[in-house]
Each structure stands twice: as C-alpha cells, then as structure tokens.
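Novice: This is the structure, below, for whatever I ask next.
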Amino acid sequence: MAKNCAICGNAIGLIDSRFKLTDGLMCSHCGKKLGLSTFSISAVEQASKMSSADVKEQINTVGLSFFQNIKDEKKKDKEADLIRYESILKEFNNNSSVVAGNLIFSDSQKEILLKKSLFNRVYKIYQYTDLTGCKPIVHGSEQKKHHGITRALVGGALLGGAGAIVGAVTGGKKFSVINELSLDIFFRDNSTQHISYISTETKTDSFTYRESEKQLNFLVNKINSIVSDSTVEKTVQPNNQVDNLRELKMLLDDGIITQADFDTKKKQLLGL
Ligand SMILES: [Zn+2]
C-alpha cells in the first residue's frame, strides 16, 4: 500500500526511494530540495532525526535564501551601476566646460554626458562628433505700453546653423515679454535634447531674461564651434597630404621635378 510524503503529500510507491523521518516518510524529491540523497547513508541518518516540521522549516529557509541570493545579486548590480555612474558624473563635473540642463559638456573628454533625471533614468554619453547642430526657440510678445495690453503674439521663430542669437531668431523684433526661450540640440543618432531657459512669462528687461539669453548664446556658440571643429577634422585629411608630399619628394629625387616645383607644390599642399 502506497504511503504519502509528509512534506509534499505525493504518493510514495513501494519501490520508490524514501527517507524515514521521526514522524513519517519523505519522498526523494523533497530530500533533494534539502540536498539529501537517498544513496547517502549519512543523509538517510540525518533525515531520520528530523520531524516533518523540521524538514518544512529547513526547505522554507533554503528556498528563501535562494531567492534572497537572486535579490542580493540584482541589488549588487544596481549598486555597481550607480557607483559607475557616480564616478562618470564626478569626472564630467570636474572637467565640465559647459553645463546646460541635464547636459555636461567636457572639452577635455570631447564628450557630453546626459545626466540621469526624474524623466530620464538612464544616462547617456555623446561624443562631440555626435553633435549635428542646434535650434533656438523663442516665443514672445510685444507689449503696447500705452494700453498695457499684449498684442501681436509672435511665436515659433526658429533658426538653425551658425551665429544663432535671439535677435536673429526673432527677425530683429524686440519682445517685451518672453514666454519661452529654449534650445533643441541635435545628435547624429537622431535624438534631440531640449534645454529650457524660460518657460513662464518673463519680461525682457529682467535679470532672469538677460542671464538666460546670455547662457543660450554661449551654448549656441559652443555647439556651433564643436560642430564646425568636427567638420574640419573630417574634411582635412592630413594623411593624404603627407602621401602626396612623399610622392612629390620621390619625383624631386628622381629629377622629374625641380626643387622650385617641389617647394611651390609643398606650400600649396600644406596651405602655407
Ligand atoms: Zn515529497
């Protein structure tokens, strides 16, 4: 007649291996959970001293510690990630050339760190060469002083490329109130980072506005210079010029061209 395992309740057949507990039987599967093998005399002996309550408690503890281990590992991974991020952040802060919103520009690393934030759980590092440009956004209105009312809302003036300043964006229009002053920064991977300087109605004769405009101008100039630097790096190919010079030198050595020819050509190639 089949008996049941005191732990899992499954039937233990006559020929099934089993453990004898102080108050019943335990199947080999439950024994395995405890790391006990029915082939081991000492394991069988160990089980024989345990009650079913002892075994259940043991299994619960082992099970818990198993899951606890996974949780701990995940926690460790998270902590390691955080430590890595903290050290990256520290490095960028120490080498920062410009800080704008969640972006830190580092001239020495030629990189831009997108910091973690409430809306951005994952940080990102851009290379300077990933920058493709920026677009200032200015929304504002002119105020008629006599009536003290806002009229002619001029908004959505956009400008890309070099030399972007608020005046150029607004086509020379002088706003007395600005509702939005911000900058879209574009990257090669088609991502855009938005830097907001002003997002509430702000008078243009205020300190806040002047500071914001100054910061925006500075960043636009910075980005333009980074973009043009990396463009120059790409178009100028010094290796080719060196190769050309070597060929010329060979021609000179072989007497095919004169020293004067060589000097002229060398000046041209090196842009002297
Ligand atoms: Zn069992």
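The chains in the structure tokens are called A, B, ... from first to last as shown; in each chain the residues are counted from 1, and the ligands are counted from 1 in the order shown.
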Residues up to 10 Å from ligand 1, counting only C-alpha atoms and all ligand atoms: could you list those as a PyMOL selection string?

Specialist: chain A and resi 4-12+18-19+25-33

Novice: Excluding Lys116 in chain A and any residue of its chain fewer than 6 positions from it, enumerate the residues within 8 Å of it, using only C-alpha atoms, and give them as a short mmCIF file (atom, residue, chain, number, x, y, z; two decimals) with N, CA and C atoms, in the first residue's frame.

Specialist:
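The new file part_5.cif reads:
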data_model
loop_
_atom_site.label_atom_id
_atom_site.label_comp_id
_atom_site.auth_asym_id
_atom_site.auth_seq_id
_atom_site.Cartn_x
_atom_site.Cartn_y
_atom_site.Cartn_z
N ASN A 102 20.40 69.05 -18.28
CA ASN A 102 20.97 67.78 -17.83
C ASN A 102 22.21 67.39 -18.61
N VAL A 122 18.10 56.65 -17.44
CA VAL A 122 19.35 56.11 -18.00
C VAL A 122 20.24 57.25 -18.49
N TYR A 123 21.48 57.24 -18.06
CA TYR A 123 22.40 58.27 -18.53
C TYR A 123 22.94 57.89 -19.90
#

Novice: For range 181-184 of chain A, find every residue with an atom within 8 Å (counting only C-alpha atoms), except residues of its own chain fewer than 2 positions away, and show them as a list in words.

Specialist: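 Everything that qualifies: Cys134, Lys135, Pro136, Ile137, Val138, His139, Ile178, Asn179, Phe186, Thr192, Gln193, His194, Ile195, Ser196, Tyr197, Ile198, Ser199, Ser212, Glu213 and Leu216 of chain A.
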
Novice: Take the residues just selected and output them with N, CA and C atoms as a PDB file, in the first residue's frame.

Specialist:
ATOM      1  N   CYS A 134      21.985  72.848 -33.530  1.00  0.00           N
ATOM      2  CA  CYS A 134      21.003  73.234 -32.530  1.00  0.00           C
ATOM      3  C   CYS A 134      20.030  74.250 -33.106  1.00  0.00           C
ATOM      4  N   LYS A 135      18.927  74.415 -32.443  1.00  0.00           N
ATOM      5  CA  LYS A 135      17.890  75.329 -32.916  1.00  0.00           C
ATOM      6  C   LYS A 135      17.275  76.076 -31.739  1.00  0.00           C
ATOM      7  N   PRO A 136      17.551  77.384 -31.635  1.00  0.00           N
ATOM      8  CA  PRO A 136      16.942  78.163 -30.551  1.00  0.00           C
ATOM      9  C   PRO A 136      15.449  78.362 -30.817  1.00  0.00           C
ATOM     10  N   ILE A 137      14.660  78.348 -29.768  1.00  0.00           N
ATOM     11  CA  ILE A 137      13.226  78.575 -29.892  1.00  0.00           C
ATOM     12  C   ILE A 137      12.858  79.770 -29.007  1.00  0.00           C
ATOM     13  N   VAL A 138      12.268  80.772 -29.631  1.00  0.00           N
ATOM     14  CA  VAL A 138      11.891  81.975 -28.888  1.00  0.00           C
ATOM     15  C   VAL A 138      10.424  82.283 -29.135  1.00  0.00           C
ATOM     16  N   HIS A 139       9.642  82.291 -28.093  1.00  0.00           N
ATOM     17  CA  HIS A 139       8.249  82.710 -28.200  1.00  0.00           C
ATOM     18  C   HIS A 139       8.072  83.927 -27.300  1.00  0.00           C
ATOM     19  N   ILE A 178       8.836  87.435 -22.879  1.00  0.00           N
ATOM     20  CA  ILE A 178       9.199  86.147 -23.468  1.00  0.00           C
ATOM     21  C   ILE A 178       8.463  85.053 -22.710  1.00  0.00           C
ATOM     22  N   ASN A 179       7.809  84.166 -23.453  1.00  0.00           N
ATOM     23  CA  ASN A 179       7.115  83.042 -22.826  1.00  0.00           C
ATOM     24  C   ASN A 179       7.961  81.778 -22.861  1.00  0.00           C
ATOM     25  N   PHE A 186      20.673  68.790 -31.516  1.00  0.00           N
ATOM     26  CA  PHE A 186      20.503  67.596 -32.347  1.00  0.00           C
ATOM     27  C   PHE A 186      21.755  66.735 -32.397  1.00  0.00           C
ATOM     28  N   THR A 192      17.198  64.236 -29.817  1.00  0.00           N
ATOM     29  CA  THR A 192      17.186  65.674 -29.564  1.00  0.00           C
ATOM     30  C   THR A 192      17.155  65.907 -28.067  1.00  0.00           C
ATOM     31  N   GLN A 193      18.002  66.820 -27.613  1.00  0.00           N
ATOM     32  CA  GLN A 193      17.944  67.207 -26.207  1.00  0.00           C
ATOM     33  C   GLN A 193      17.425  68.633 -26.126  1.00  0.00           C
ATOM     34  N   HIS A 194      16.462  68.830 -25.268  1.00  0.00           N
ATOM     35  CA  HIS A 194      15.809  70.131 -25.151  1.00  0.00           C
ATOM     36  C   HIS A 194      16.289  70.827 -23.887  1.00  0.00           C
ATOM     37  N   ILE A 195      16.831  72.017 -24.054  1.00  0.00           N
ATOM     38  CA  ILE A 195      17.261  72.801 -22.899  1.00  0.00           C
ATOM     39  C   ILE A 195      16.302  73.973 -22.762  1.00  0.00           C
ATOM     40  N   SER A 196      15.642  74.061 -21.613  1.00  0.00           N
ATOM     41  CA  SER A 196      14.681  75.142 -21.402  1.00  0.00           C
ATOM     42  C   SER A 196      15.289  76.215 -20.502  1.00  0.00           C
ATOM     43  N   TYR A 197      15.291  77.444 -20.992  1.00  0.00           N
ATOM     44  CA  TYR A 197      15.811  78.553 -20.183  1.00  0.00           C
ATOM     45  C   TYR A 197      14.675  79.321 -19.527  1.00  0.00           C
ATOM     46  N   ILE A 198      13.641  79.590 -20.329  1.00  0.00           N
ATOM     47  CA  ILE A 198      12.486  80.315 -19.808  1.00  0.00           C
ATOM     48  C   ILE A 198      11.237  79.591 -20.270  1.00  0.00           C
ATOM     49  N   SER A 199      10.325  79.325 -19.343  1.00  0.00           N
ATOM     50  CA  SER A 199       9.099  78.636 -19.735  1.00  0.00           C
ATOM     51  C   SER A 199       7.863  79.337 -19.174  1.00  0.00           C
ATOM     52  N   SER A 212      19.429  84.374 -18.993  1.00  0.00           N
ATOM     53  CA  SER A 212      19.017  83.244 -19.821  1.00  0.00           C
ATOM     54  C   SER A 212      19.518  83.415 -21.241  1.00  0.00           C
ATOM     55  N   GLU A 213      19.381  84.638 -21.762  1.00  0.00           N
ATOM     56  CA  GLU A 213      19.819  84.892 -23.132  1.00  0.00           C
ATOM     57  C   GLU A 213      21.327  84.700 -23.250  1.00  0.00           C
ATOM     58  N   LEU A 216      22.057  81.021 -23.258  1.00  0.00           N
ATOM     59  CA  LEU A 216      21.658  80.423 -24.539  1.00  0.00           C
ATOM     60  C   LEU A 216      22.671  80.770 -25.628  1.00  0.00           C
TER      61      LEU A 216
END

Novice: Would you mind telling me which residue in A:Thr129, A:Ser206, A:Gln58, A:Thr264 lies nearest to Asp229 in chain A when using only C-alpha atoms?

Specialist: A:Thr129

Novice: Using DSSP assignments from the backbone, pull out every residue in range 49-101 of chain A that falls under helix (DSSP H, G or I) and give it to me as a PDB file with C-alpha atoms, in the first residue's frame.

Specialist:
ATOM      1  CA  SER A  52       8.349  16.718   9.067  1.00  0.00           C
ATOM      2  CA  ALA A  53       8.097  20.148  10.737  1.00  0.00           C
ATOM      3  CA  ASP A  54      11.900  20.359  10.871  1.00  0.00           C
ATOM      4  CA  VAL A  55      12.120  19.493   7.170  1.00  0.00           C
ATOM      5  CA  LYS A  56       9.464  22.055   6.171  1.00  0.00           C
ATOM      6  CA  GLU A  57      11.246  24.739   8.125  1.00  0.00           C
ATOM      7  CA  GLN A  58      14.532  23.782   6.500  1.00  0.00           C
ATOM      8  CA  ILE A  59      13.045  23.848   2.986  1.00  0.00           C
ATOM      9  CA  ASN A  60      11.486  27.226   3.654  1.00  0.00           C
ATOM     10  CA  THR A  61      14.794  28.630   4.794  1.00  0.00           C
ATOM     11  CA  VAL A  62      16.711  27.177   1.861  1.00  0.00           C
ATOM     12  CA  GLY A  63      14.053  28.436  -0.552  1.00  0.00           C
ATOM     13  CA  LEU A  64      14.108  31.866   0.989  1.00  0.00           C
ATOM     14  CA  SER A  65      17.872  32.126   0.960  1.00  0.00           C
ATOM     15  CA  PHE A  66      17.873  31.057  -2.690  1.00  0.00           C
ATOM     16  CA  PHE A  67      15.559  33.892  -3.678  1.00  0.00           C
ATOM     17  CA  GLN A  68      17.327  36.213  -1.301  1.00  0.00           C
ATOM     18  CA  ASN A  69      20.561  35.474  -3.195  1.00  0.00           C
ATOM     19  CA  ILE A  70      18.987  36.486  -6.525  1.00  0.00           C
ATOM     20  CA  LYS A  71      17.654  39.670  -4.956  1.00  0.00           C
ATOM     21  CA  ASP A  72      21.054  40.406  -3.453  1.00  0.00           C
ATOM     22  CA  GLU A  73      22.764  39.893  -6.828  1.00  0.00           C
ATOM     23  CA  LYS A  74      20.359  42.281  -8.517  1.00  0.00           C
ATOM     24  CA  LYS A  75      20.905  44.778  -5.740  1.00  0.00           C
ATOM     25  CA  LYS A  76      24.672  44.441  -6.161  1.00  0.00           C
ATOM     26  CA  ASP A  77      24.361  45.005  -9.937  1.00  0.00           C
ATOM     27  CA  LYS A  78      22.283  48.094  -9.306  1.00  0.00           C
ATOM     28  CA  GLU A  79      24.787  49.366  -6.771  1.00  0.00           C
ATOM     29  CA  ALA A  80      27.689  48.739  -9.163  1.00  0.00           C
ATOM     30  CA  ASP A  81      25.797  50.631 -11.876  1.00  0.00           C
ATOM     31  CA  LEU A  82      25.211  53.500  -9.515  1.00  0.00           C
ATOM     32  CA  ILE A  83      28.872  53.604  -8.474  1.00  0.00           C
ATOM     33  CA  ARG A  84      29.928  53.601 -12.143  1.00  0.00           C
ATOM     34  CA  TYR A  85      27.511  56.430 -12.870  1.00  0.00           C
ATOM     35  CA  GLU A  86      28.661  58.423  -9.848  1.00  0.00           C
ATOM     36  CA  SER A  87      32.283  58.198 -10.988  1.00  0.00           C
ATOM     37  CA  ILE A  88      31.366  59.213 -14.552  1.00  0.00           C
ATOM     38  CA  LEU A  89      29.335  62.114 -13.191  1.00  0.00           C
ATOM     39  CA  LYS A  90      32.216  63.173 -10.965  1.00  0.00           C
ATOM     40  CA  GLU A  91      34.650  63.067 -13.876  1.00  0.00           C
ATOM     41  CA  PHE A  92      32.341  65.183 -16.018  1.00  0.00           C
ATOM     42  CA  ASN A  93      31.738  67.643 -13.197  1.00  0.00           C
ATOM     43  CA  ASN A  94      35.478  68.007 -12.683  1.00  0.00           C
TER      44      ASN A  94
END

Novice: Could you tell me how far CA of Glu211 in chain A lies from CA of Phe175 in chain A, in Å and to one decimal?

Specialist: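 One can read the CA of Glu211 in chain A to CA of Phe175 in chain A distance as 15.7 Å.
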
Novice: With only C-alpha atoms as the counted atoms, please give the residues lying no more than 10 Å from Ile223 in chain A, apart from itself and same-chain residues fewer than 5 positions off, as number ranges by chain.

Specialist: A: 105, 128, 131-134, 161-162, 185-186, 217-218, 228-229

Novice: If I take CA of Val98 in chain A and CA of Asp205 in chain A, how far is one from the other in Å, to one decimal?

Specialist: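 About the pair CA of Val98 in chain A and CA of Asp205 in chain A: they are 25.1 Å apart.
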
Novice: Name all residues at most 8 Å from Ser106 in chain A (count only C-alpha atoms; drop same-chain ones fewer than 2 positions away) and give them as a PDB file with N, CA and C atoms, in the first residue's frame.

Specialist:
ATOM      1  N   PHE A  92      32.899  64.129 -15.172  1.00  0.00           N
ATOM      2  CA  PHE A  92      32.341  65.183 -16.018  1.00  0.00           C
ATOM      3  C   PHE A  92      32.246  66.497 -15.254  1.00  0.00           C
ATOM      4  N   ASN A  95      35.588  68.075 -15.107  1.00  0.00           N
ATOM      5  CA  ASN A  95      36.117  68.538 -16.397  1.00  0.00           C
ATOM      6  C   ASN A  95      35.100  69.350 -17.193  1.00  0.00           C
ATOM      7  N   SER A  96      34.042  69.794 -16.512  1.00  0.00           N
ATOM      8  CA  SER A  96      32.951  70.418 -17.264  1.00  0.00           C
ATOM      9  C   SER A  96      33.384  71.740 -17.896  1.00  0.00           C
ATOM     10  N   SER A  97      32.989  71.914 -19.149  1.00  0.00           N
ATOM     11  CA  SER A  97      33.230  73.162 -19.857  1.00  0.00           C
ATOM     12  C   SER A  97      31.944  73.989 -19.882  1.00  0.00           C
ATOM     13  N   VAL A  98      30.836  73.311 -20.118  1.00  0.00           N
ATOM     14  CA  VAL A  98      29.531  73.957 -20.098  1.00  0.00           C
ATOM     15  C   VAL A  98      28.536  72.997 -19.447  1.00  0.00           C
ATOM     16  N   ILE A 104      26.220  67.870 -19.559  1.00  0.00           N
ATOM     17  CA  ILE A 104      27.521  68.400 -19.146  1.00  0.00           C
ATOM     18  C   ILE A 104      28.489  68.218 -20.310  1.00  0.00           C
ATOM     19  N   SER A 108      37.791  68.413 -22.457  1.00  0.00           N
ATOM     20  CA  SER A 108      38.960  67.538 -22.370  1.00  0.00           C
ATOM     21  C   SER A 108      38.619  66.124 -22.818  1.00  0.00           C
ATOM     22  N   GLN A 109      37.388  65.685 -22.530  1.00  0.00           N
ATOM     23  CA  GLN A 109      36.991  64.348 -22.960  1.00  0.00           C
ATOM     24  C   GLN A 109      36.321  64.363 -24.333  1.00  0.00           C
ATOM     25  N   LYS A 110      36.012  65.575 -24.799  1.00  0.00           N
ATOM     26  CA  LYS A 110      35.248  65.727 -26.039  1.00  0.00           C
ATOM     27  C   LYS A 110      33.983  64.879 -26.008  1.00  0.00           C
ATOM     28  N   GLU A 111      33.324  64.951 -24.861  1.00  0.00           N
ATOM     29  CA  GLU A 111      32.107  64.174 -24.662  1.00  0.00           C
ATOM     30  C   GLU A 111      31.051  64.999 -23.942  1.00  0.00           C
ATOM     31  N   ILE A 112      29.803  64.573 -24.111  1.00  0.00           N
ATOM     32  CA  ILE A 112      28.688  65.228 -23.430  1.00  0.00           C
ATOM     33  C   ILE A 112      27.935  64.170 -22.636  1.00  0.00           C
TER      34      ILE A 112
END

Novice: Looking at A:Leu269, A:Asp261, A:Phe207, A:Ser40, which one is nearest to Asp243 in chain A, with distances taken over only C-alpha atoms?

Specialist: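 Checking each of A:Leu269, A:Asp261, A:Phe207, A:Ser40 against Asp243 in chain A, counting only C-alpha atoms, the winner is A:Leu269.
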